[in-house]
>>> print(open('run.pdb').read())   # PDB, C-alpha atoms
ATOM      1  CA  GLU F   1      77.945  21.348-101.408
ATOM      2  CA  PRO F   2      78.111  18.433-103.870
ATOM      3  CA  GLU F   3      78.130  19.413-107.519
ATOM      4  CA  VAL F   4      78.174  17.878-110.963
ATOM      5  CA  THR F   5      81.507  18.265-112.718
ATOM      6  CA  GLN F   6      82.308  18.008-116.410
ATOM      7  CA  THR F   7      85.549  17.641-118.322
ATOM      8  CA  PRO F   8      86.918  19.090-120.453
ATOM      9  CA  SER F   9      85.452  22.567-120.316
ATOM     10  CA  HIS F  10      86.246  23.058-123.996
ATOM     11  CA  GLN F  11      86.953  20.438-126.632
ATOM     12  CA  VAL F  12      87.991  21.161-130.195
ATOM     13  CA  THR F  13      87.883  18.299-132.666
ATOM     14  CA  GLN F  14      87.944  17.727-136.393
ATOM     15  CA  MET F  15      84.915  16.518-138.290
ATOM     16  CA  GLY F  16      84.725  12.743-138.338
ATOM     17  CA  GLN F  17      86.649  12.282-135.116
ATOM     18  CA  GLU F  18      85.278  10.560-132.034
ATOM     19  CA  VAL F  19      84.869  12.557-128.845
ATOM     20  CA  ILE F  20      84.064  11.526-125.313
ATOM     21  CA  LEU F  21      82.601  14.048-122.920
ATOM     22  CA  ARG F  22      82.930  13.185-119.272
ATOM     23  CA  CYS F  23      80.718  13.929-116.311
ATOM     24  CA  VAL F  24      80.907  13.076-112.641
ATOM     25  CA  PRO F  25      77.361  13.193-111.230
ATOM     26  CA  ILE F  26      76.579  13.767-107.571
ATOM     27  CA  SER F  27      77.467  10.561-105.749
ATOM     28  CA  ASN F  28      74.092   9.370-104.429
ATOM     29  CA  HIS F  29      72.153  10.317-107.562
ATOM     30  CA  LEU F  30      70.414   7.696-109.625
ATOM     31  CA  TYR F  31      69.216   9.423-112.807
ATOM     32  CA  PHE F  32      71.646  10.968-115.283
ATOM     33  CA  TYR F  33      70.998  13.198-118.268
ATOM     34  CA  TRP F  34      72.687  14.882-121.200
ATOM     35  CA  TYR F  35      71.391  18.081-122.750
ATOM     36  CA  ARG F  36      72.925  20.292-125.380
ATOM     37  CA  GLN F  37      72.604  23.904-126.450
ATOM     38  CA  ILE F  38      73.603  24.979-129.923
ATOM     39  CA  LEU F  39      74.666  28.621-129.914
ATOM     40  CA  GLY F  40      71.631  30.863-129.989
ATOM     41  CA  GLN F  41      69.167  27.992-129.606
ATOM     42  CA  LYS F  42      67.271  26.275-126.796
ATOM     43  CA  VAL F  43      68.725  23.787-124.360
ATOM     44  CA  GLU F  44      67.636  20.400-125.768
ATOM     45  CA  PHE F  45      67.241  17.055-124.047
ATOM     46  CA  LEU F  46      69.391  14.278-125.480
ATOM     47  CA  VAL F  47      69.132  11.258-123.193
ATOM     48  CA  SER F  48      68.321  10.049-119.704
ATOM     49  CA  PHE F  49      69.971   7.068-118.029
ATOM     50  CA  TYR F  50      68.844   4.991-115.068
ATOM     51  CA  ASN F  51      69.832   1.651-113.623
ATOM     52  CA  ASN F  52      72.593   1.233-116.206
ATOM     53  CA  GLU F  53      70.403   1.665-119.217
ATOM     54  CA  ILE F  54      68.907   4.409-121.349
ATOM     55  CA  SER F  55      65.563   5.487-119.951
ATOM     56  CA  GLU F  56      64.626   7.844-122.770
ATOM     57  CA  LYS F  57      66.317   9.437-125.749
ATOM     58  CA  SER F  58      65.367  12.218-128.098
ATOM     59  CA  GLU F  59      65.350  12.066-131.882
ATOM     60  CA  ILE F  60      68.663  13.933-131.803
ATOM     61  CA  PHE F  61      70.289  10.979-130.034
ATOM     62  CA  ASP F  62      70.919   8.806-133.082
ATOM     63  CA  ASP F  63      73.365   5.949-133.621
ATOM     64  CA  GLN F  64      76.290   8.372-133.552
ATOM     65  CA  PHE F  65      75.701   8.967-129.863
ATOM     66  CA  SER F  66      76.173   6.612-126.949
ATOM     67  CA  VAL F  67      76.286   6.909-123.177
ATOM     68  CA  GLU F  68      78.017   4.836-120.607
ATOM     69  CA  ARG F  69      78.597   4.644-116.901
ATOM     70  CA  PRO F  70      81.939   2.851-116.988
ATOM     71  CA  ASP F  71      82.449   2.873-113.234
ATOM     72  CA  GLY F  72      80.622   4.017-110.148
ATOM     73  CA  SER F  73      81.376   7.689-110.643
ATOM     74  CA  ASN F  74      81.678   8.697-114.301
ATOM     75  CA  PHE F  75      78.968   9.179-116.906
ATOM     76  CA  THR F  76      80.144   9.677-120.473
ATOM     77  CA  LEU F  77      78.681  10.833-123.762
ATOM     78  CA  LYS F  78      80.446   9.545-126.864
ATOM     79  CA  ILE F  79      79.960  10.969-130.329
ATOM     80  CA  ARG F  80      81.332   8.443-132.797
ATOM     81  CA  SER F  81      81.950  10.586-135.854
ATOM     82  CA  THR F  82      81.476  14.268-135.180
ATOM     83  CA  LYS F  83      79.742  16.591-137.618
ATOM     84  CA  LEU F  84      79.919  20.372-137.813
ATOM     85  CA  GLU F  85      76.363  20.565-136.463
ATOM     86  CA  ASP F  86      77.428  18.773-133.269
ATOM     87  CA  SER F  87      79.148  21.990-132.182
ATOM     88  CA  ALA F  88      77.312  22.990-129.023
ATOM     89  CA  MET F  89      77.506  23.292-125.252
ATOM     90  CA  TYR F  90      76.816  19.895-123.695
ATOM     91  CA  PHE F  91      75.371  19.806-120.185
ATOM     92  CA  CYS F  92      75.317  16.813-117.896
ATOM     93  CA  ALA F  93      72.760  16.630-115.096
ATOM     94  CA  SER F  94      71.919  14.217-112.330
ATOM     95  CA  SER F  95      68.989  13.656-110.022
ATOM     96  CA  GLU F  96      68.465  11.871-106.738
ATOM     97  CA  ALA F  97      65.162  10.648-108.216
ATOM     98  CA  ARG F  98      63.433  10.562-104.876
ATOM     99  CA  ASP F  99      60.428  12.906-104.968
ATOM    100  CA  ARG F 100      58.707  14.105-108.138
ATOM    101  CA  PRO F 101      59.467  16.268-109.882
ATOM    102  CA  TYR F 102      63.032  15.034-109.916
ATOM    103  CA  GLU F 103      65.253  18.007-109.273
ATOM    104  CA  GLN F 104      68.087  17.995-111.762
ATOM    105  CA  TYR F 105      71.517  19.361-110.877
ATOM    106  CA  PHE F 106      73.529  20.584-113.828
ATOM    107  CA  GLY F 107      77.226  20.685-114.510
ATOM    108  CA  PRO F 108      78.959  23.749-116.010
ATOM    109  CA  GLY F 109      79.001  22.245-119.488
ATOM    110  CA  THR F 110      81.542  21.235-122.106
ATOM    111  CA  ARG F 111      81.804  23.447-125.155
ATOM    112  CA  LEU F 112      82.397  21.221-128.169
ATOM    113  CA  THR F 113      83.728  22.855-131.321
ATOM    114  CA  VAL F 114      83.866  20.728-134.471
ATOM    115  CA  THR F 115      86.042  22.141-137.249
TER     116      THR F 115
ATOM    117  CA  ALA Y   1      53.719  17.466-126.565
ATOM    118  CA  GLN Y   2      55.098  20.173-124.320
ATOM    119  CA  SER Y   3      56.783  23.440-125.197
ATOM    120  CA  VAL Y   4      57.928  26.662-123.565
ATOM    121  CA  THR Y   5      58.150  30.166-124.978
ATOM    122  CA  GLN Y   6      60.083  32.919-123.265
ATOM    123  CA  LEU Y   7      59.190  36.390-124.468
ATOM    124  CA  GLY Y   8      62.253  38.569-124.850
ATOM    125  CA  SER Y   9      65.711  37.144-125.363
ATOM    126  CA  HIS Y  10      67.191  40.105-123.519
ATOM    127  CA  VAL Y  11      65.736  42.176-120.681
ATOM    128  CA  SER Y  12      67.472  45.165-119.139
ATOM    129  CA  VAL Y  13      66.447  46.774-115.842
ATOM    130  CA  SER Y  14      67.933  49.313-113.466
ATOM    131  CA  GLU Y  15      69.179  48.262-110.073
ATOM    132  CA  GLY Y  16      66.264  48.381-107.632
ATOM    133  CA  ALA Y  17      63.629  48.062-110.359
ATOM    134  CA  LEU Y  18      61.116  45.258-110.764
ATOM    135  CA  VAL Y  19      62.293  42.212-112.689
ATOM    136  CA  LEU Y  20      59.685  40.476-114.866
ATOM    137  CA  LEU Y  21      60.709  37.592-117.104
ATOM    138  CA  ARG Y  22      57.915  36.049-119.126
ATOM    139  CA  CYS Y  23      57.286  32.368-119.745
ATOM    140  CA  ASN Y  24      54.333  30.703-121.458
ATOM    141  CA  TYR Y  25      53.971  26.966-121.719
ATOM    142  CA  SER Y  26      52.000  24.457-123.694
ATOM    143  CA  SER Y  27      51.165  21.094-122.186
ATOM    144  CA  SER Y  28      48.460  18.495-122.686
ATOM    145  CA  VAL Y  29      48.847  17.348-119.072
ATOM    146  CA  PRO Y  30      49.155  19.314-115.824
ATOM    147  CA  PRO Y  31      52.785  20.388-115.975
ATOM    148  CA  TYR Y  32      55.675  20.749-113.634
ATOM    149  CA  LEU Y  33      57.304  24.134-114.281
ATOM    150  CA  PHE Y  34      60.767  25.389-113.420
ATOM    151  CA  TRP Y  35      62.966  28.431-113.595
ATOM    152  CA  TYR Y  36      66.723  27.943-113.842
ATOM    153  CA  VAL Y  37      69.474  30.561-113.735
ATOM    154  CA  GLN Y  38      72.865  30.331-115.371
ATOM    155  CA  TYR Y  39      75.717  32.577-114.308
ATOM    156  CA  PRO Y  40      78.737  32.873-116.627
ATOM    157  CA  ASN Y  41      80.825  29.689-116.795
ATOM    158  CA  GLN Y  42      78.495  27.857-114.423
ATOM    159  CA  GLY Y  43      75.832  25.188-114.752
ATOM    160  CA  LEU Y  44      72.101  25.787-114.632
ATOM    161  CA  GLN Y  45      70.889  26.285-111.066
ATOM    162  CA  LEU Y  46      67.288  25.728-109.999
ATOM    163  CA  LEU Y  47      65.600  28.939-108.839
ATOM    164  CA  LEU Y  48      62.135  27.541-108.156
ATOM    165  CA  LYS Y  49      59.623  24.939-109.256
ATOM    166  CA  TYR Y  50      55.851  24.583-109.538
ATOM    167  CA  THR Y  51      54.399  21.203-108.646
ATOM    168  CA  SER Y  52      50.683  22.065-108.230
ATOM    169  CA  ALA Y  53      50.911  22.541-104.463
ATOM    170  CA  ALA Y  54      50.579  26.342-104.628
ATOM    171  CA  THR Y  55      50.209  28.714-107.545
ATOM    172  CA  LEU Y  56      52.615  31.300-106.117
ATOM    173  CA  VAL Y  57      56.049  29.788-105.754
ATOM    174  CA  LYS Y  58      58.911  31.391-103.897
ATOM    175  CA  GLY Y  59      62.468  30.590-104.829
ATOM    176  CA  ILE Y  60      65.988  31.518-103.948
ATOM    177  CA  ASN Y  61      67.479  35.015-104.105
ATOM    178  CA  GLY Y  62      64.101  36.729-103.671
ATOM    179  CA  PHE Y  63      62.552  35.437-106.902
ATOM    180  CA  GLU Y  64      59.013  34.170-107.188
ATOM    181  CA  ALA Y  65      56.747  32.949-109.962
ATOM    182  CA  GLU Y  66      53.005  32.588-110.312
ATOM    183  CA  PHE Y  67      51.338  29.747-112.163
ATOM    184  CA  LYS Y  68      48.297  30.966-114.111
ATOM    185  CA  LYS Y  69      46.527  28.103-115.803
ATOM    186  CA  SER Y  70      44.071  30.343-117.663
ATOM    187  CA  GLU Y  71      46.958  32.227-119.248
ATOM    188  CA  THR Y  72      49.301  29.186-119.495
ATOM    189  CA  SER Y  73      51.948  31.395-117.950
ATOM    190  CA  PHE Y  74      54.635  31.078-115.317
ATOM    191  CA  HIS Y  75      56.295  34.502-115.194
ATOM    192  CA  LEU Y  76      59.290  35.109-112.952
ATOM    193  CA  THR Y  77      59.436  38.257-110.820
ATOM    194  CA  LYS Y  78      61.648  39.944-108.287
ATOM    195  CA  PRO Y  79      60.584  43.222-106.636
ATOM    196  CA  SER Y  80      64.014  44.838-106.650
ATOM    197  CA  ALA Y  81      66.849  43.913-108.997
ATOM    198  CA  HIS Y  82      70.384  43.580-107.760
ATOM    199  CA  MET Y  83      73.534  43.730-109.850
ATOM    200  CA  SER Y  84      74.215  40.092-108.942
ATOM    201  CA  ASP Y  85      70.979  39.037-110.690
ATOM    202  CA  ALA Y  86      72.581  39.596-114.087
ATOM    203  CA  ALA Y  87      72.519  36.154-115.698
ATOM    204  CA  GLU Y  88      70.617  34.009-118.182
ATOM    205  CA  TYR Y  89      67.272  32.638-117.056
ATOM    206  CA  PHE Y  90      65.594  29.543-118.449
ATOM    207  CA  CYS Y  91      61.997  28.450-118.043
ATOM    208  CA  ALA Y  92      61.365  24.697-118.376
ATOM    209  CA  VAL Y  93      58.475  22.251-118.291
ATOM    210  CA  SER Y  94      58.249  18.545-117.592
ATOM    211  CA  SER Y  95      55.446  16.035-117.427
ATOM    212  CA  PRO Y  96      54.443  14.183-114.252
ATOM    213  CA  TYR Y  97      54.019  11.115-116.476
ATOM    214  CA  ASN Y  98      57.518  11.177-117.926
ATOM    215  CA  GLN Y  99      59.565   8.519-116.166
ATOM    216  CA  GLY Y 100      62.859  10.391-116.010
ATOM    217  CA  GLY Y 101      61.421  13.876-115.793
ATOM    218  CA  LYS Y 102      63.157  15.228-118.881
ATOM    219  CA  LEU Y 103      63.053  19.002-119.101
ATOM    220  CA  ILE Y 104      61.823  20.979-122.092
ATOM    221  CA  PHE Y 105      63.431  24.415-122.047
ATOM    222  CA  GLY Y 106      62.575  27.810-123.408
ATOM    223  CA  GLN Y 107      65.181  29.734-125.355
ATOM    224  CA  GLY Y 108      66.385  31.701-122.357
ATOM    225  CA  THR Y 109      66.293  35.371-121.363
ATOM    226  CA  GLU Y 110      69.445  37.278-120.615
ATOM    227  CA  LEU Y 111      68.916  39.737-117.783
ATOM    228  CA  SER Y 112      71.118  42.824-117.575
ATOM    229  CA  VAL Y 113      71.058  45.074-114.511
ATOM    230  CA  LYS Y 114      72.205  48.691-114.899
ATOM    231  CA  PRO Y 115      73.632  50.591-111.932
TER     232      PRO Y 115
END
>>> encode(input="run.pdb", output="structure tokens")
Amino acid sequence: EPEVTQTPSHQVTQMGQEVILRCVPISNHLYFYWYRQILGQKVEFLVSFYNNEISEKSEIFDDQFSVERPDGSNFTLKIRSTKLEDSAMYFCASSEARDRPYEQYFGPGTRLTVT
Amino acid sequence: AQSVTQLGSHVSVSEGALVLLRCNYSSSVPPYLFWYVQYPNQGLQLLLKYTSAATLVKGINGFEAEFKKSETSFHLTKPSAHMSDAAEYFCAVSSPYNQGGKLIFGQGTELSVKP
């Protein structure tokens, strides 16, 4: 069965460094999402992406964040200058976007640790 | 605005006992409601969803949930717990009017199953 994959599974970085989290959505899916979960807190929506542009973003998704679909298979989340509070589990999801509600398929997550 | 509250961050049941995980939502529009499960080191997997077609929704692995508008609830139940049900469970809401169908999650409930 097709699945969403994410790399790396764990990323450790120093404050102020740039990180890129990578996701490979399911191949025929059209909508892509990033969510994050800070330890002990709720899973929070960051951004949705459709037709090569951001469809919606949350207030968390400030200028330090960007998303890109550099080729036909990858979907990336870049954090330009990481802060301690960016430490979280980041989940990528994708949806076929055919019938509402759009069923979202999640990847296993990337645990980002900012030191 | 939409929100979800899950009562109980940790629920423990004996194998064979009833599982009841509570979820209350707040929404200014008729909501879509979801339950997701997360097993260790895996992504969130959709258990079931409510889309207004029927108030009692059956999902995978013997789980079901009932939408009660008067109580703004969408509790998850399973008649008989199995050891393999041990996982974290997330309730989520989305709006039919949101273009990308972003999900708003509750804080999650960790289910333990004792032999």
>>> resolve_selection(input="run.pdb", expression="the ChimeraX specification (/Y :<6) & /F", output="ChimeraX atom specification")
/F:42-43,106-108
>>> closest_residue(input="run.pdb", among="Y:Leu76, Y:Ala87, Y:Lys58, Y:Pro115", to="Gln6 of chain Y", atoms="only C-alpha atoms")
Y:Leu76
>>> resolve_selection(input="run.pdb", expression="the PyMOL selection byres ((chain F and resi 83) around 9)", output="ChimeraX atom specification")
/F:14-17,81-82,84-87,114-115
>>> resolve_selection(input="run.pdb", expression="the PyMOL selection byres ((chain Y and resi 27) around 9)", output="ChimeraX atom specification")
/Y:1-4,25-26,28-31,72,93-95
>>> axis_aligned_box(input="run.pdb", around="segment 23-30 of chain F", padding_each_side="4 Å", output="AutoDock Vina command-line options")
--center_x 75.7 --center_y 10.8 --center_z -110.4 --size_x 18.5 --size_y 14.2 --size_z 19.9
>>> atom_distance(input="run.pdb", atom1="atom CA of Tyr89 of chain Y", atom2="atom CA of Ile54 of chain F")
28.6 Å
>>> atom_distance(input="run.pdb", atom1="atom CA of His10 of chain Y", atom2="atom CA of Arg22 of chain Y")
11.0 Å
>>> closest_residue(input="run.pdb", among="Y:Gly8, Y:Cys91, Y:Val13, Y:Cys23", to="Pro79 of chain Y", atoms="only C-alpha atoms")
Y:Val13
>>> atom_distance(input="run.pdb", atom1="atom CA of Ala17 of chain Y", atom2="atom CA of Val57 of chain Y")
20.3 Å
>>> closest_residue(input="run.pdb", among="Y:Thr5, Y:Ser70, Y:Ser112, Y:Ser52", to="Met83 of chain Y", atoms="all atoms listed in the file")
Y:Ser112
>>> closest_residue(input="run.pdb", among="F:Thr113, F:Thr76, F:Ser58, F:Gln6", to="Glu44 of chain F", atoms="all atoms listed in the file")
F:Ser58
>>> residues_around(input="run.pdb", residues="Phe63 of chain Y", least_positions_apart="5", cutoff="10 Å", atoms="only C-alpha atoms", output="number ranges by chain")
Y: 19-20, 35, 47-48, 57-58, 76-81, 85
>>> closest_residue(input="run.pdb", among="F:Phe45, F:Glu56, F:Cys92, F:Asp62", to="Asn74 of chain F", atoms="all atoms listed in the file")
F:Cys92
>>> decode(input="run.pdb", residues="segment 93-104 of chain Y", atoms="all heavy atoms", output="PDB file, in the first residue's frame")
ATOM      1  N   VAL Y  93     -11.015  17.787  13.992  1.00  0.00           N
ATOM      2  CA  VAL Y  93     -12.165  18.412  13.341  1.00  0.00           C
ATOM      3  C   VAL Y  93     -11.679  19.206  12.134  1.00  0.00           C
ATOM      4  O   VAL Y  93     -10.557  19.712  12.116  1.00  0.00           O
ATOM      5  CB  VAL Y  93     -12.921  19.319  14.345  1.00  0.00           C
ATOM      6  CG1 VAL Y  93     -12.040  20.489  14.799  1.00  0.00           C
ATOM      7  CG2 VAL Y  93     -14.225  19.832  13.765  1.00  0.00           C
ATOM      8  N   SER Y  94     -12.508  19.277  11.118  1.00  0.00           N
ATOM      9  CA  SER Y  94     -12.231  20.196  10.012  1.00  0.00           C
ATOM     10  C   SER Y  94     -13.552  20.803   9.550  1.00  0.00           C
ATOM     11  O   SER Y  94     -14.634  20.315   9.889  1.00  0.00           O
ATOM     12  CB  SER Y  94     -11.515  19.509   8.847  1.00  0.00           C
ATOM     13  OG  SER Y  94     -12.386  18.685   8.121  1.00  0.00           O
ATOM     14  N   SER Y  95     -13.441  21.861   8.790  1.00  0.00           N
ATOM     15  CA  SER Y  95     -14.626  22.545   8.299  1.00  0.00           C
ATOM     16  C   SER Y  95     -14.890  22.183   6.843  1.00  0.00           C
ATOM     17  O   SER Y  95     -13.953  22.144   6.034  1.00  0.00           O
ATOM     18  CB  SER Y  95     -14.426  24.064   8.404  1.00  0.00           C
ATOM     19  OG  SER Y  95     -15.414  24.743   7.653  1.00  0.00           O
ATOM     20  N   PRO Y  96     -16.160  21.941   6.497  1.00  0.00           N
ATOM     21  CA  PRO Y  96     -16.492  21.699   5.087  1.00  0.00           C
ATOM     22  C   PRO Y  96     -16.179  22.902   4.196  1.00  0.00           C
ATOM     23  O   PRO Y  96     -16.077  22.756   2.973  1.00  0.00           O
ATOM     24  CB  PRO Y  96     -18.001  21.460   5.112  1.00  0.00           C
ATOM     25  CG  PRO Y  96     -18.320  21.141   6.517  1.00  0.00           C
ATOM     26  CD  PRO Y  96     -17.318  21.844   7.360  1.00  0.00           C
ATOM     27  N   TYR Y  97     -16.003  24.084   4.802  1.00  0.00           N
ATOM     28  CA  TYR Y  97     -15.769  25.288   4.019  1.00  0.00           C
ATOM     29  C   TYR Y  97     -14.294  25.636   3.904  1.00  0.00           C
ATOM     30  O   TYR Y  97     -13.934  26.608   3.242  1.00  0.00           O
ATOM     31  CB  TYR Y  97     -16.539  26.467   4.629  1.00  0.00           C
ATOM     32  CG  TYR Y  97     -17.999  26.139   4.812  1.00  0.00           C
ATOM     33  CD1 TYR Y  97     -18.561  26.035   6.075  1.00  0.00           C
ATOM     34  CD2 TYR Y  97     -18.824  25.907   3.710  1.00  0.00           C
ATOM     35  CE1 TYR Y  97     -19.895  25.709   6.248  1.00  0.00           C
ATOM     36  CE2 TYR Y  97     -20.152  25.590   3.868  1.00  0.00           C
ATOM     37  CZ  TYR Y  97     -20.680  25.487   5.134  1.00  0.00           C
ATOM     38  OH  TYR Y  97     -21.998  25.164   5.292  1.00  0.00           O
ATOM     39  N   ASN Y  98     -13.449  24.841   4.546  1.00  0.00           N
ATOM     40  CA  ASN Y  98     -12.010  25.090   4.449  1.00  0.00           C
ATOM     41  C   ASN Y  98     -11.469  24.418   3.193  1.00  0.00           C
ATOM     42  O   ASN Y  98     -11.624  23.217   3.017  1.00  0.00           O
ATOM     43  CB  ASN Y  98     -11.304  24.567   5.700  1.00  0.00           C
ATOM     44  CG  ASN Y  98      -9.822  24.831   5.660  1.00  0.00           C
ATOM     45  OD1 ASN Y  98      -9.049  24.022   5.168  1.00  0.00           O
ATOM     46  ND2 ASN Y  98      -9.415  25.975   6.175  1.00  0.00           N
ATOM     47  N   GLN Y  99     -10.825  25.185   2.343  1.00  0.00           N
ATOM     48  CA  GLN Y  99     -10.454  24.696   1.018  1.00  0.00           C
ATOM     49  C   GLN Y  99      -9.599  23.436   1.069  1.00  0.00           C
ATOM     50  O   GLN Y  99      -9.841  22.469   0.365  1.00  0.00           O
ATOM     51  CB  GLN Y  99      -9.720  25.792   0.251  1.00  0.00           C
ATOM     52  CG  GLN Y  99      -9.427  25.416  -1.193  1.00  0.00           C
ATOM     53  CD  GLN Y  99      -8.836  26.571  -1.962  1.00  0.00           C
ATOM     54  OE1 GLN Y  99      -8.659  27.663  -1.422  1.00  0.00           O
ATOM     55  NE2 GLN Y  99      -8.513  26.361  -3.211  1.00  0.00           N
ATOM     56  N   GLY Y 100      -8.578  23.454   1.923  1.00  0.00           N
ATOM     57  CA  GLY Y 100      -7.649  22.326   1.966  1.00  0.00           C
ATOM     58  C   GLY Y 100      -8.007  21.267   2.992  1.00  0.00           C
ATOM     59  O   GLY Y 100      -7.369  20.220   3.025  1.00  0.00           O
ATOM     60  N   GLY Y 101      -9.019  21.557   3.805  1.00  0.00           N
ATOM     61  CA  GLY Y 101      -9.431  20.586   4.805  1.00  0.00           C
ATOM     62  C   GLY Y 101      -8.441  20.428   5.943  1.00  0.00           C
ATOM     63  O   GLY Y 101      -8.251  19.327   6.451  1.00  0.00           O
ATOM     64  N   LYS Y 102      -7.826  21.540   6.380  1.00  0.00           N
ATOM     65  CA  LYS Y 102      -6.863  21.415   7.469  1.00  0.00           C
ATOM     66  C   LYS Y 102      -7.542  20.812   8.690  1.00  0.00           C
ATOM     67  O   LYS Y 102      -8.719  21.045   8.963  1.00  0.00           O
ATOM     68  CB  LYS Y 102      -6.261  22.773   7.829  1.00  0.00           C
ATOM     69  CG  LYS Y 102      -7.207  23.694   8.574  1.00  0.00           C
ATOM     70  CD  LYS Y 102      -6.517  24.971   8.984  1.00  0.00           C
ATOM     71  CE  LYS Y 102      -7.492  25.857   9.747  1.00  0.00           C
ATOM     72  NZ  LYS Y 102      -6.931  27.175  10.060  1.00  0.00           N
ATOM     73  N   LEU Y 103      -6.776  20.034   9.433  1.00  0.00           N
ATOM     74  CA  LEU Y 103      -7.281  19.356  10.614  1.00  0.00           C
ATOM     75  C   LEU Y 103      -6.871  20.118  11.873  1.00  0.00           C
ATOM     76  O   LEU Y 103      -5.738  20.568  11.997  1.00  0.00           O
ATOM     77  CB  LEU Y 103      -6.716  17.937  10.679  1.00  0.00           C
ATOM     78  CG  LEU Y 103      -7.140  17.008   9.536  1.00  0.00           C
ATOM     79  CD1 LEU Y 103      -6.315  15.731   9.558  1.00  0.00           C
ATOM     80  CD2 LEU Y 103      -8.621  16.684   9.638  1.00  0.00           C
ATOM     81  N   ILE Y 104      -7.823  20.221  12.792  1.00  0.00           N
ATOM     82  CA  ILE Y 104      -7.568  20.766  14.121  1.00  0.00           C
ATOM     83  C   ILE Y 104      -7.646  19.587  15.076  1.00  0.00           C
ATOM     84  O   ILE Y 104      -8.694  18.931  15.177  1.00  0.00           O
ATOM     85  CB  ILE Y 104      -8.616  21.820  14.514  1.00  0.00           C
ATOM     86  CG1 ILE Y 104      -8.763  22.883  13.434  1.00  0.00           C
ATOM     87  CG2 ILE Y 104      -8.280  22.418  15.876  1.00  0.00           C
ATOM     88  CD1 ILE Y 104      -7.545  23.713  13.201  1.00  0.00           C
TER      89      ILE Y 104
END
